[in-house]
Amino acid sequence: MATKTGVRPTELPAAPLTMEGASVLHQMMRIRWAEWKRLSADQQQATVKEAAAWLAPLEKEGKSALFSMLGHKGDLMFVHFRDSFEGLKAAELQMAHLKLWELLEPTSSYLSVVELGLYDSSLKLYRALAEKGIEPHTPEWNKEVEETLGRQAEAMKPRLWPKVPGSRYVCFYPMNRLRGEDKNFYTLPIEERQKQMEAHGMVGRRYAGKVQQIISGSIGFDDWEWGVDLFGDDPVQFKKLIYEMRFDEISAVYALFGQFFVGVRCPADKLGELLAGRLPEK
Amino acid sequence: MATKTGVRPTELPAAPLTMEGASVLHQMMRIRWAEWKRLSADQQQATVKEAAAWLAPLEKEGKSALFSMLGHKGDLMFVHFRDSFEGLKAAELQMAHLKLWELLEPTSSYLSVVELGLYDSSLKLYRALAEKGIEPHTPEWNKEVEETLGRQAEAMKPRLWPKVPGSRYVCFYPMNRLRGEDKNFYTLPIEERQKQMEAHGMVGRRYAGKVQQIISGSIGFDDWEWGVDLFGDDPVQFKKLIYEMRFDEISAVYALFGQFFVGVRCPADKLGELLAGRLPEK
Amino acid sequence: MATKTGVRPTELPAAPLTMEGASVLHQMMRIRWAEWKRLSADQQQATVKEAAAWLAPLEKEGKSALFSMLGHKGDLMFVHFRDSFEGLKAAELQMAHLKLWELLEPTSSYLSVVELGLYDSSLKLYRALAEKGIEPHTPEWNKEVEETLGRQAEAMKPRLWPKVPGSRYVCFYPMNRLRGEDKNFYTLPIEERQKQMEAHGMVGRRYAGKVQQIISGSIGFDDWEWGVDLFGDDPVQFKKLIYEMRFDEISAVYALFGQFFVGVRCPADKLGELLAGRLPEK
Amino acid sequence: MATKTGVRPTELPAAPLTMEGASVLHQMMRIRWAEWKRLSADQQQATVKEAAAWLAPLEKEGKSALFSMLGHKGDLMFVHFRDSFEGLKAAELQMAHLKLWELLEPTSSYLSVVELGLYDSSLKLYRALAEKGIEPHTPEWNKEVEETLGRQAEAMKPRLWPKVPGSRYVCFYPMNRLRGEDKNFYTLPIEERQKQMEAHGMVGRRYAGKVQQIISGSIGFDDWEWGVDLFGDDPVQFKKLIYEMRFDEISAVYALFGQFFVGVRCPADKLGELLAGRLPEK
Amino acid sequence: MATKTGVRPTELPAAPLTMEGASVLHQMMRIRWAEWKRLSADQQQATVKEAAAWLAPLEKEGKSALFSMLGHKGDLMFVHFRDSFEGLKAAELQMAHLKLWELLEPTSSYLSVVELGLYDSSLKLYRALAEKGIEPHTPEWNKEVEETLGRQAEAMKPRLWPKVPGSRYVCFYPMNRLRGEDKNFYTLPIEERQKQMEAHGMVGRRYAGKVQQIISGSIGFDDWEWGVDLFGDDPVQFKKLIYEMRFDEISAVYALFGQFFVGVRCPADKLGELLAGRLPEK
């Protein structure tokens, strides 16, 4: 099917462009309460002090945050944003050498990088290059793509390298796009996918100010394709947002979800309070 | 397809309105019987006394309840209804500091909020607003929706903020609505979903007086979309109700079920009896 | 489609009538052999004596039985038939206080009630009531149903309240009826389901005298819809029966199976022998 | 569809005849290396001696064999062939009382009986009996079937009651035949299944001398329908055989596979060497 | 459909030829940090020294490598390339006798052999032999196939017997080709599969110099059909490569993925640094 510009949409590259930013690690763990209680008051204080001293400066920079999780999937969730996987691994090793670590039991984790999926500008660019007759993946095409990405990179920086938001609650879950035998997101034309993503974004925008979303990509890194972090002060808004989105075509038909993890923010200087059995006030 | 009122049903918003109430946490856990038996009589008594003292006032207010579970999925199930997730997390932390906690091993949990799905009134309202030509999600539409919800909120209060019923038995299970490649609940027109929900409710009504049901929503909070609690004095009625419902279109075609947890109520002041190996009489 | 009696089959209620009897609990567990061997001869003897003393009278009444399981899913399986879930829970608590329990590790369990699915008589009754023009679920309809069930109850008693058969072997497995997107047992007309059940029963009858089957329902109680116990003296007959049945339409198309558990009967007074490493003779 | 002999293929019984032989148990387990190393040289020697003394005579008779497994699924796999499930259970109990057992941790197991699926002769017999007008499952039909099986039994003995082959490597995996909503092996006509089995066997025959296969049936015994043991001296031949077979219709469309377990044979008298960290030479 | 050469493509053998090389074992494990920290400085040093002395020469030969993993799936991943499964098993046994092993807990593993799938040359050869009228799997056909493979073997050697690449990062994951009820890779004509593999390879080639890929086959050895190792210095390239490939027909429609494991290379002589909590510099 030829269009008026002589370009067949189906000839456009299938994969949208993406931009990658911060390396992200979520760590979920249980507290061995019996062992904690067996420590002397001095040992408890030393344990808290050391861990808080490690976390506090990272927290201030927005690079690491601690959440007190609800339910049996874990008692604590650490969220780390770093410049590289090496930065994440260094954090893991440092934590393993805290006294606190001996009271913790890892239950889950998630590895990803902040990702911006550029469906909109990819489609525009792919069409423009196709109209100019530039073949995908030729040096000329690559050059144009890189220049376009380069021009956008600066503006995207705050979204690519975010700080962990300071909200009271977090909701984290991994997800996939369906590749079913009949319904397969990856075989849809890019035009169709772009349209679905756009409609999806509309719903999200209605929750601006209530829920802040950070998407990270984990293809090649972890067991699902994306990780989603929602931050907000009223957890019911997480439910309302995801429930409303579930009726979007892209979610209703093409979304598969993993486990959901919910936590309440615990600042480094309130860790002692938490371990003493009191949820820190906001 | 235009209707006589000039409104196309398919233009109605897809997501029904919901009202949210109490925050709910189910905690399932095993008793480490060997460790319990190793305690001295004094230690046992102190353990029971402390735990019962924590639970008793919450039980009286209908905010927390203890069930003695059947089978290997756990020995105890605590059900907590609170005003917020902070209230639930505070409860978790308090429990972790009970002596009893050192004898317990978490096996599962479920996090949700009491939810009323308003298919009926959503559909009426959406139709009315559509007939008035008010576009979904415009400020005017939002205002009308909020007013309608506001008018109903007071009447709904007892159902949104329930006490844990005092029945002898509980049955808890999580569930999803199917999003299959061919059969997808979320892509059905809202009119069709409303009709199925209504027929489903009819069956439930036949068990009034025998089984009390509390539905809580867990999209964004836990690994299934809803949690269902059934309370009653004859557990065979749980089976009869769910079996009969399984032939409803909404269950036969669109329901996916998680694990089922069944327990017998154990009042706080009977915890010692339970731990001594005797099931408290009703 | 109107029939000659003016009744449309599709108007018949979809759910067949069922009768419920004994409450059933299967408990699978591993023996901590190292801990057993660490006990002194006196402690071993006391452990065996206490457990056997608990089990022996229940065994005699046909209310509880012990099986020595094959494979890593467990070393022991207890099967309990009781009058109520309270009776089962009481048994669980009594067992948890046996010395033996400290050597055991629960690996699985299954909770259900003996169930007779009355497809045959349901269909006859539904048709008769429909011909009389009695609407389903009206007081009149309910009365007729209750009377019919009442008349059959006495005759069914031995099947509803069975004793644990004394056979050498047991095979237990849970199962569901398929609710697939295309093949869905629950949306078949009751006439079709009745026909399939009948054909299925035919195969079973060919194994009379070789295999005794007890079906229990677990909708609302455990993670599958039914539990099946096969009792017999030659385990190869279990395989032959289930393999032959697998070609029945109701199994080939509509049966989903869980785990299979196989055990050899161990009488209470042979528990010591078993723990000493010798399989008791028949 | 009537054939020239007046017999409609679809009237033939669906289930093929099978012959059952040896009872089979696979036991996979991890070695607790730290505990092994903590034993004194004397204790280690006693542990090895006792276990080897138990295994050696069984090994000689071809009734039990030990394999050193690759990967984390286990360190050891015992394969037992016995006359009955009682024989297997007796072996399990004897092993549980070896000193070695305290260093082992069961990770998996599989229970089955050696099975010959007689598609070929079943089809011939079913056709012959149908042509004689003998109804399936009548006493006359049963008699003819039993006589036919009886005549073949003697010739089948070596295949029904095999010894564990002496090859260097074993590959064990369980499998099912697909019962999908669209592709269902169990609803295919027996003629079609026979044809597919025959083609499948052809591929197997090309590996004669390289790979020896023992099929055991586990319907009613374990969580899959069949267990497959491949024995050979070059493990790459396992891969080549299974890969080539995967393109057969019966595998490509109708085979579901469980976990794969691969091990290197360790003779009883080399157990000490293995536990000392040296793989015994062939 | 007859071709001009009189050969019907569908008569070509379905299975492509493969060549097998090095035996491969991936071992994932957690460090028991608390036990490590409990060791004296001397014990720690001895533990590190012994393990490093074992690993260093293998590392130099490119036969074994150590990676520090990200996330809770493990702290360490060892990748072993050997001449045979016996070589792998010997390595496993040697490692089990290192002091380090007592601080490790296996969490996963993967067993495979380096595999070259020769779709391209298989198709050419199969066509050529078909044109010559040589029947598949006849002695003549086998001879021609062996000669062809023999001619290619020498050239393939570096790819069949690779050294573990020296890159900073590794990404390992297992995968299957889909055998769905409707979309089944194994029932596609070999011509179609060859075409899809070729297109897939094109994408890979665009990442030359950034990502080095080693494919190993695990049919008959482990729970998935293939293992994929990606080596590179920038892990974001792993994501970009796999994401781009996911839109290829062969991935979009026919690829199923297992867990993903990501690690940072840790040279033998830096093990002490790693255990001391510092990520070794590149």
# chains A, B, ... in the order shown; residues from 1 in each chain; ligands from 1
$ residues_around --residues "Glu102 in chain D" --least-positions-apart "2" --cutoff "12 Å" --atoms "only C-alpha atoms" --output "ChimeraX atom specification"
/C:31-38 /D:29-33,35-36,39,47,51,95-100,104-106
$ interface_residues --of "chain D" --to "chain C" --cutoff "7 Å" --atoms "only C-alpha atoms" --output "PyMOL selection string"
chain D and resi 14-15+89-90+93-94+96-97+102+106+108-111+179+181+186-187+219-223
$ select_by_dssp --residues "range 104-215 of chain A" --states "alpha helix (DSSP H)" --output "PDB file with N, CA and C atoms, in the first residue's frame"
ATOM      1  N   TYR A 119       8.569   6.761  20.889  1.00  0.00           N
ATOM      2  CA  TYR A 119       7.712   6.334  19.779  1.00  0.00           C
ATOM      3  C   TYR A 119       7.364   7.498  18.858  1.00  0.00           C
ATOM      4  N   ASP A 120       7.018   8.602  19.513  1.00  0.00           N
ATOM      5  CA  ASP A 120       6.573   9.761  18.768  1.00  0.00           C
ATOM      6  C   ASP A 120       7.637  10.290  17.810  1.00  0.00           C
ATOM      7  N   SER A 121       8.803  10.601  18.364  1.00  0.00           N
ATOM      8  CA  SER A 121       9.825  11.218  17.507  1.00  0.00           C
ATOM      9  C   SER A 121      10.472  10.179  16.597  1.00  0.00           C
ATOM     10  N   SER A 122      10.482   8.887  17.003  1.00  0.00           N
ATOM     11  CA  SER A 122      11.004   7.862  16.112  1.00  0.00           C
ATOM     12  C   SER A 122      10.162   7.820  14.843  1.00  0.00           C
ATOM     13  N   LEU A 123       8.857   7.806  15.034  1.00  0.00           N
ATOM     14  CA  LEU A 123       7.974   7.679  13.879  1.00  0.00           C
ATOM     15  C   LEU A 123       8.146   8.869  12.936  1.00  0.00           C
ATOM     16  N   LYS A 124       8.212  10.062  13.529  1.00  0.00           N
ATOM     17  CA  LYS A 124       8.405  11.266  12.693  1.00  0.00           C
ATOM     18  C   LYS A 124       9.719  11.171  11.932  1.00  0.00           C
ATOM     19  N   LEU A 125      10.768  10.806  12.643  1.00  0.00           N
ATOM     20  CA  LEU A 125      12.091  10.742  12.032  1.00  0.00           C
ATOM     21  C   LEU A 125      12.149   9.646  10.959  1.00  0.00           C
ATOM     22  N   TYR A 126      11.623   8.476  11.289  1.00  0.00           N
ATOM     23  CA  TYR A 126      11.641   7.371  10.322  1.00  0.00           C
ATOM     24  C   TYR A 126      10.913   7.769   9.044  1.00  0.00           C
ATOM     25  N   ARG A 127       9.789   8.460   9.223  1.00  0.00           N
ATOM     26  CA  ARG A 127       9.028   8.898   8.040  1.00  0.00           C
ATOM     27  C   ARG A 127       9.812   9.922   7.239  1.00  0.00           C
ATOM     28  N   ALA A 128      10.416  10.853   7.952  1.00  0.00           N
ATOM     29  CA  ALA A 128      11.162  11.900   7.257  1.00  0.00           C
ATOM     30  C   ALA A 128      12.327  11.300   6.476  1.00  0.00           C
ATOM     31  N   LEU A 129      13.026  10.377   7.111  1.00  0.00           N
ATOM     32  CA  LEU A 129      14.180   9.763   6.435  1.00  0.00           C
ATOM     33  C   LEU A 129      13.703   8.911   5.266  1.00  0.00           C
ATOM     34  N   ALA A 130      12.589   8.249   5.431  1.00  0.00           N
ATOM     35  CA  ALA A 130      12.055   7.428   4.347  1.00  0.00           C
ATOM     36  C   ALA A 130      11.669   8.306   3.170  1.00  0.00           C
ATOM     37  N   GLU A 131      11.106   9.455   3.461  1.00  0.00           N
ATOM     38  CA  GLU A 131      10.716  10.353   2.363  1.00  0.00           C
ATOM     39  C   GLU A 131      11.939  10.874   1.626  1.00  0.00           C
ATOM     40  N   PRO A 139      24.866   4.166   6.905  1.00  0.00           N
ATOM     41  CA  PRO A 139      25.630   5.175   7.659  1.00  0.00           C
ATOM     42  C   PRO A 139      24.901   6.518   7.681  1.00  0.00           C
ATOM     43  N   GLU A 140      24.302   6.898   6.575  1.00  0.00           N
ATOM     44  CA  GLU A 140      23.615   8.189   6.516  1.00  0.00           C
ATOM     45  C   GLU A 140      22.424   8.201   7.486  1.00  0.00           C
ATOM     46  N   TRP A 141      21.690   7.103   7.487  1.00  0.00           N
ATOM     47  CA  TRP A 141      20.528   6.982   8.370  1.00  0.00           C
ATOM     48  C   TRP A 141      20.987   7.038   9.840  1.00  0.00           C
ATOM     49  N   ASN A 142      22.032   6.280  10.122  1.00  0.00           N
ATOM     50  CA  ASN A 142      22.549   6.269  11.498  1.00  0.00           C
ATOM     51  C   ASN A 142      22.952   7.674  11.937  1.00  0.00           C
ATOM     52  N   LYS A 143      23.596   8.405  11.020  1.00  0.00           N
ATOM     53  CA  LYS A 143      24.062   9.760  11.343  1.00  0.00           C
ATOM     54  C   LYS A 143      22.882  10.672  11.679  1.00  0.00           C
ATOM     55  N   GLU A 144      21.861  10.586  10.866  1.00  0.00           N
ATOM     56  CA  GLU A 144      20.676  11.434  11.108  1.00  0.00           C
ATOM     57  C   GLU A 144      20.025  11.078  12.446  1.00  0.00           C
ATOM     58  N   VAL A 145      19.967   9.779  12.717  1.00  0.00           N
ATOM     59  CA  VAL A 145      19.359   9.340  13.982  1.00  0.00           C
ATOM     60  C   VAL A 145      20.159   9.864  15.161  1.00  0.00           C
ATOM     61  N   GLU A 146      21.465   9.708  15.068  1.00  0.00           N
ATOM     62  CA  GLU A 146      22.311  10.164  16.180  1.00  0.00           C
ATOM     63  C   GLU A 146      22.192  11.670  16.410  1.00  0.00           C
ATOM     64  N   GLU A 147      22.135  12.422  15.298  1.00  0.00           N
ATOM     65  CA  GLU A 147      21.997  13.875  15.447  1.00  0.00           C
ATOM     66  C   GLU A 147      20.684  14.227  16.130  1.00  0.00           C
ATOM     67  N   THR A 148      19.620  13.550  15.715  1.00  0.00           N
ATOM     68  CA  THR A 148      18.313  13.829  16.323  1.00  0.00           C
ATOM     69  C   THR A 148      18.337  13.508  17.812  1.00  0.00           C
ATOM     70  N   LEU A 149      18.860  12.330  18.134  1.00  0.00           N
ATOM     71  CA  LEU A 149      18.946  11.951  19.551  1.00  0.00           C
ATOM     72  C   LEU A 149      19.810  12.944  20.310  1.00  0.00           C
ATOM     73  N   GLY A 150      20.903  13.358  19.687  1.00  0.00           N
ATOM     74  CA  GLY A 150      21.818  14.299  20.326  1.00  0.00           C
ATOM     75  C   GLY A 150      21.113  15.598  20.681  1.00  0.00           C
ATOM     76  N   ARG A 151      20.309  16.092  19.714  1.00  0.00           N
ATOM     77  CA  ARG A 151      19.591  17.354  19.947  1.00  0.00           C
ATOM     78  C   ARG A 151      18.629  17.238  21.120  1.00  0.00           C
ATOM     79  N   GLN A 152      18.044  16.037  21.306  1.00  0.00           N
ATOM     80  CA  GLN A 152      17.042  15.869  22.375  1.00  0.00           C
ATOM     81  C   GLN A 152      17.667  15.541  23.726  1.00  0.00           C
ATOM     82  N   ALA A 153      18.912  15.047  23.678  1.00  0.00           N
ATOM     83  CA  ALA A 153      19.524  14.491  24.888  1.00  0.00           C
ATOM     84  C   ALA A 153      19.549  15.502  26.039  1.00  0.00           C
ATOM     85  N   GLU A 154      19.954  16.727  25.723  1.00  0.00           N
ATOM     86  CA  GLU A 154      20.099  17.722  26.786  1.00  0.00           C
ATOM     87  C   GLU A 154      18.764  17.964  27.492  1.00  0.00           C
ATOM     88  N   ALA A 155      17.700  18.106  26.674  1.00  0.00           N
ATOM     89  CA  ALA A 155      16.375  18.366  27.246  1.00  0.00           C
ATOM     90  C   ALA A 155      15.877  17.188  28.085  1.00  0.00           C
ATOM     91  N   MET A 156      16.310  16.012  27.717  1.00  0.00           N
ATOM     92  CA  MET A 156      15.839  14.798  28.396  1.00  0.00           C
ATOM     93  C   MET A 156      16.587  14.527  29.694  1.00  0.00           C
ATOM     94  N   LYS A 157      17.716  15.200  29.869  1.00  0.00           N
ATOM     95  CA  LYS A 157      18.588  14.862  31.001  1.00  0.00           C
ATOM     96  C   LYS A 157      17.864  14.686  32.332  1.00  0.00           C
ATOM     97  N   PRO A 158      17.021  15.634  32.713  1.00  0.00           N
ATOM     98  CA  PRO A 158      16.384  15.463  34.042  1.00  0.00           C
ATOM     99  C   PRO A 158      15.550  14.186  34.121  1.00  0.00           C
ATOM    100  N   ARG A 159      14.984  13.777  32.986  1.00  0.00           N
ATOM    101  CA  ARG A 159      14.166  12.563  33.031  1.00  0.00           C
ATOM    102  C   ARG A 159      15.030  11.313  32.939  1.00  0.00           C
ATOM    103  N   LEU A 160      16.192  11.431  32.296  1.00  0.00           N
ATOM    104  CA  LEU A 160      17.086  10.264  32.160  1.00  0.00           C
ATOM    105  C   LEU A 160      17.893  10.012  33.429  1.00  0.00           C
ATOM    106  N   ILE A 190       4.576  -0.074  13.655  1.00  0.00           N
ATOM    107  CA  ILE A 190       5.036   0.947  14.597  1.00  0.00           C
ATOM    108  C   ILE A 190       4.007   2.076  14.718  1.00  0.00           C
ATOM    109  N   GLU A 191       3.298   2.375  13.648  1.00  0.00           N
ATOM    110  CA  GLU A 191       2.267   3.424  13.692  1.00  0.00           C
ATOM    111  C   GLU A 191       1.188   3.067  14.711  1.00  0.00           C
ATOM    112  N   GLU A 192       0.800   1.793  14.739  1.00  0.00           N
ATOM    113  CA  GLU A 192      -0.237   1.346  15.656  1.00  0.00           C
ATOM    114  C   GLU A 192       0.280   1.401  17.102  1.00  0.00           C
ATOM    115  N   ARG A 193       1.505   0.971  17.275  1.00  0.00           N
ATOM    116  CA  ARG A 193       2.074   1.011  18.626  1.00  0.00           C
ATOM    117  C   ARG A 193       2.199   2.446  19.137  1.00  0.00           C
ATOM    118  N   GLN A 194       2.626   3.322  18.236  1.00  0.00           N
ATOM    119  CA  GLN A 194       2.763   4.739  18.640  1.00  0.00           C
ATOM    120  C   GLN A 194       1.414   5.285  19.097  1.00  0.00           C
ATOM    121  N   LYS A 195       0.372   4.947  18.368  1.00  0.00           N
ATOM    122  CA  LYS A 195      -0.974   5.451  18.676  1.00  0.00           C
ATOM    123  C   LYS A 195      -1.439   4.941  20.050  1.00  0.00           C
ATOM    124  N   GLN A 196      -1.158   3.657  20.316  1.00  0.00           N
ATOM    125  CA  GLN A 196      -1.563   3.073  21.596  1.00  0.00           C
ATOM    126  C   GLN A 196      -0.781   3.697  22.759  1.00  0.00           C
ATOM    127  N   MET A 197       0.510   3.928  22.531  1.00  0.00           N
ATOM    128  CA  MET A 197       1.336   4.542  23.571  1.00  0.00           C
ATOM    129  C   MET A 197       0.828   5.947  23.884  1.00  0.00           C
ATOM    130  N   GLU A 198       0.432   6.639  22.859  1.00  0.00           N
ATOM    131  CA  GLU A 198      -0.027   8.017  23.033  1.00  0.00           C
ATOM    132  C   GLU A 198      -1.318   8.043  23.873  1.00  0.00           C
ATOM    133  N   ALA A 199      -2.261   7.170  23.536  1.00  0.00           N
ATOM    134  CA  ALA A 199      -3.520   7.118  24.289  1.00  0.00           C
ATOM    135  C   ALA A 199      -3.236   6.762  25.752  1.00  0.00           C
ATOM    136  N   HIS A 200      -2.294   5.873  25.936  1.00  0.00           N
ATOM    137  CA  HIS A 200      -1.886   5.433  27.267  1.00  0.00           C
ATOM    138  C   HIS A 200      -1.334   6.620  28.069  1.00  0.00           C
ATOM    139  N   GLY A 201      -0.511   7.410  27.391  1.00  0.00           N
ATOM    140  CA  GLY A 201       0.101   8.562  28.047  1.00  0.00           C
ATOM    141  C   GLY A 201      -0.949   9.570  28.517  1.00  0.00           C
ATOM    142  N   MET A 202      -2.030   9.685  27.741  1.00  0.00           N
ATOM    143  CA  MET A 202      -3.137  10.596  28.087  1.00  0.00           C
ATOM    144  C   MET A 202      -3.683  10.298  29.478  1.00  0.00           C
ATOM    145  N   VAL A 203      -3.921   9.019  29.745  1.00  0.00           N
ATOM    146  CA  VAL A 203      -4.449   8.640  31.055  1.00  0.00           C
ATOM    147  C   VAL A 203      -3.464   9.050  32.141  1.00  0.00           C
ATOM    148  N   GLY A 204      -2.180   8.744  31.890  1.00  0.00           N
ATOM    149  CA  GLY A 204      -1.150   9.081  32.874  1.00  0.00           C
ATOM    150  C   GLY A 204      -1.170  10.568  33.210  1.00  0.00           C
ATOM    151  N   ARG A 205      -1.371  11.373  32.171  1.00  0.00           N
ATOM    152  CA  ARG A 205      -1.330  12.818  32.392  1.00  0.00           C
ATOM    153  C   ARG A 205      -2.433  13.299  33.334  1.00  0.00           C
TER     154      ARG A 205
END
$ decode --residues "range 64-76 of chain B" --atoms "N, CA and C atoms" --output "mmCIF file, in the first residue's frame"
data_model
loop_
_atom_site.group_PDB
_atom_site.id
_atom_site.type_symbol
_atom_site.label_atom_id
_atom_site.label_comp_id
_atom_site.auth_asym_id
_atom_site.auth_seq_id
_atom_site.Cartn_x
_atom_site.Cartn_y
_atom_site.Cartn_z
ATOM 1 N N SER B 64 -8.828 -5.898 63.750
ATOM 2 C CA SER B 64 -7.926 -7.038 63.500
ATOM 3 C C SER B 64 -8.591 -8.309 64.015
ATOM 4 N N ALA B 65 -8.292 -9.411 63.350
ATOM 5 C CA ALA B 65 -8.852 -10.689 63.792
ATOM 6 C C ALA B 65 -7.848 -11.787 63.509
ATOM 7 N N LEU B 66 -7.915 -12.829 64.324
ATOM 8 C CA LEU B 66 -7.001 -13.965 64.183
ATOM 9 C C LEU B 66 -7.791 -15.210 63.798
ATOM 10 N N PHE B 67 -7.262 -15.954 62.808
ATOM 11 C CA PHE B 67 -7.867 -17.206 62.382
ATOM 12 C C PHE B 67 -6.836 -18.324 62.451
ATOM 13 N N SER B 68 -7.297 -19.485 62.860
ATOM 14 C CA SER B 68 -6.453 -20.673 62.886
ATOM 15 C C SER B 68 -6.655 -21.385 61.558
ATOM 16 N N MET B 69 -5.616 -21.386 60.701
ATOM 17 C CA MET B 69 -5.771 -21.880 59.333
ATOM 18 C C MET B 69 -5.726 -23.406 59.220
ATOM 19 N N LEU B 70 -6.392 -23.895 58.196
ATOM 20 C CA LEU B 70 -6.342 -25.326 57.888
ATOM 21 C C LEU B 70 -5.285 -25.596 56.825
ATOM 22 N N GLY B 71 -4.503 -26.667 57.011
ATOM 23 C CA GLY B 71 -3.533 -27.045 55.991
ATOM 24 C C GLY B 71 -2.162 -26.428 56.172
ATOM 25 N N HIS B 72 -1.270 -26.752 55.225
ATOM 26 C CA HIS B 72 0.139 -26.405 55.384
ATOM 27 C C HIS B 72 0.467 -24.980 54.952
ATOM 28 N N LYS B 73 -0.508 -24.249 54.416
ATOM 29 C CA LYS B 73 -0.197 -22.888 53.947
ATOM 30 C C LYS B 73 0.070 -21.945 55.113
ATOM 31 N N GLY B 74 -0.262 -22.386 56.304
ATOM 32 C CA GLY B 74 -0.010 -21.576 57.484
ATOM 33 C C GLY B 74 -0.828 -22.084 58.648
ATOM 34 N N ASP B 75 -0.421 -21.674 59.858
ATOM 35 C CA ASP B 75 -1.176 -22.042 61.053
ATOM 36 C C ASP B 75 -2.081 -20.905 61.483
ATOM 37 N N LEU B 76 -1.618 -19.672 61.246
ATOM 38 C CA LEU B 76 -2.387 -18.503 61.661
ATOM 39 C C LEU B 76 -2.598 -17.559 60.487
#
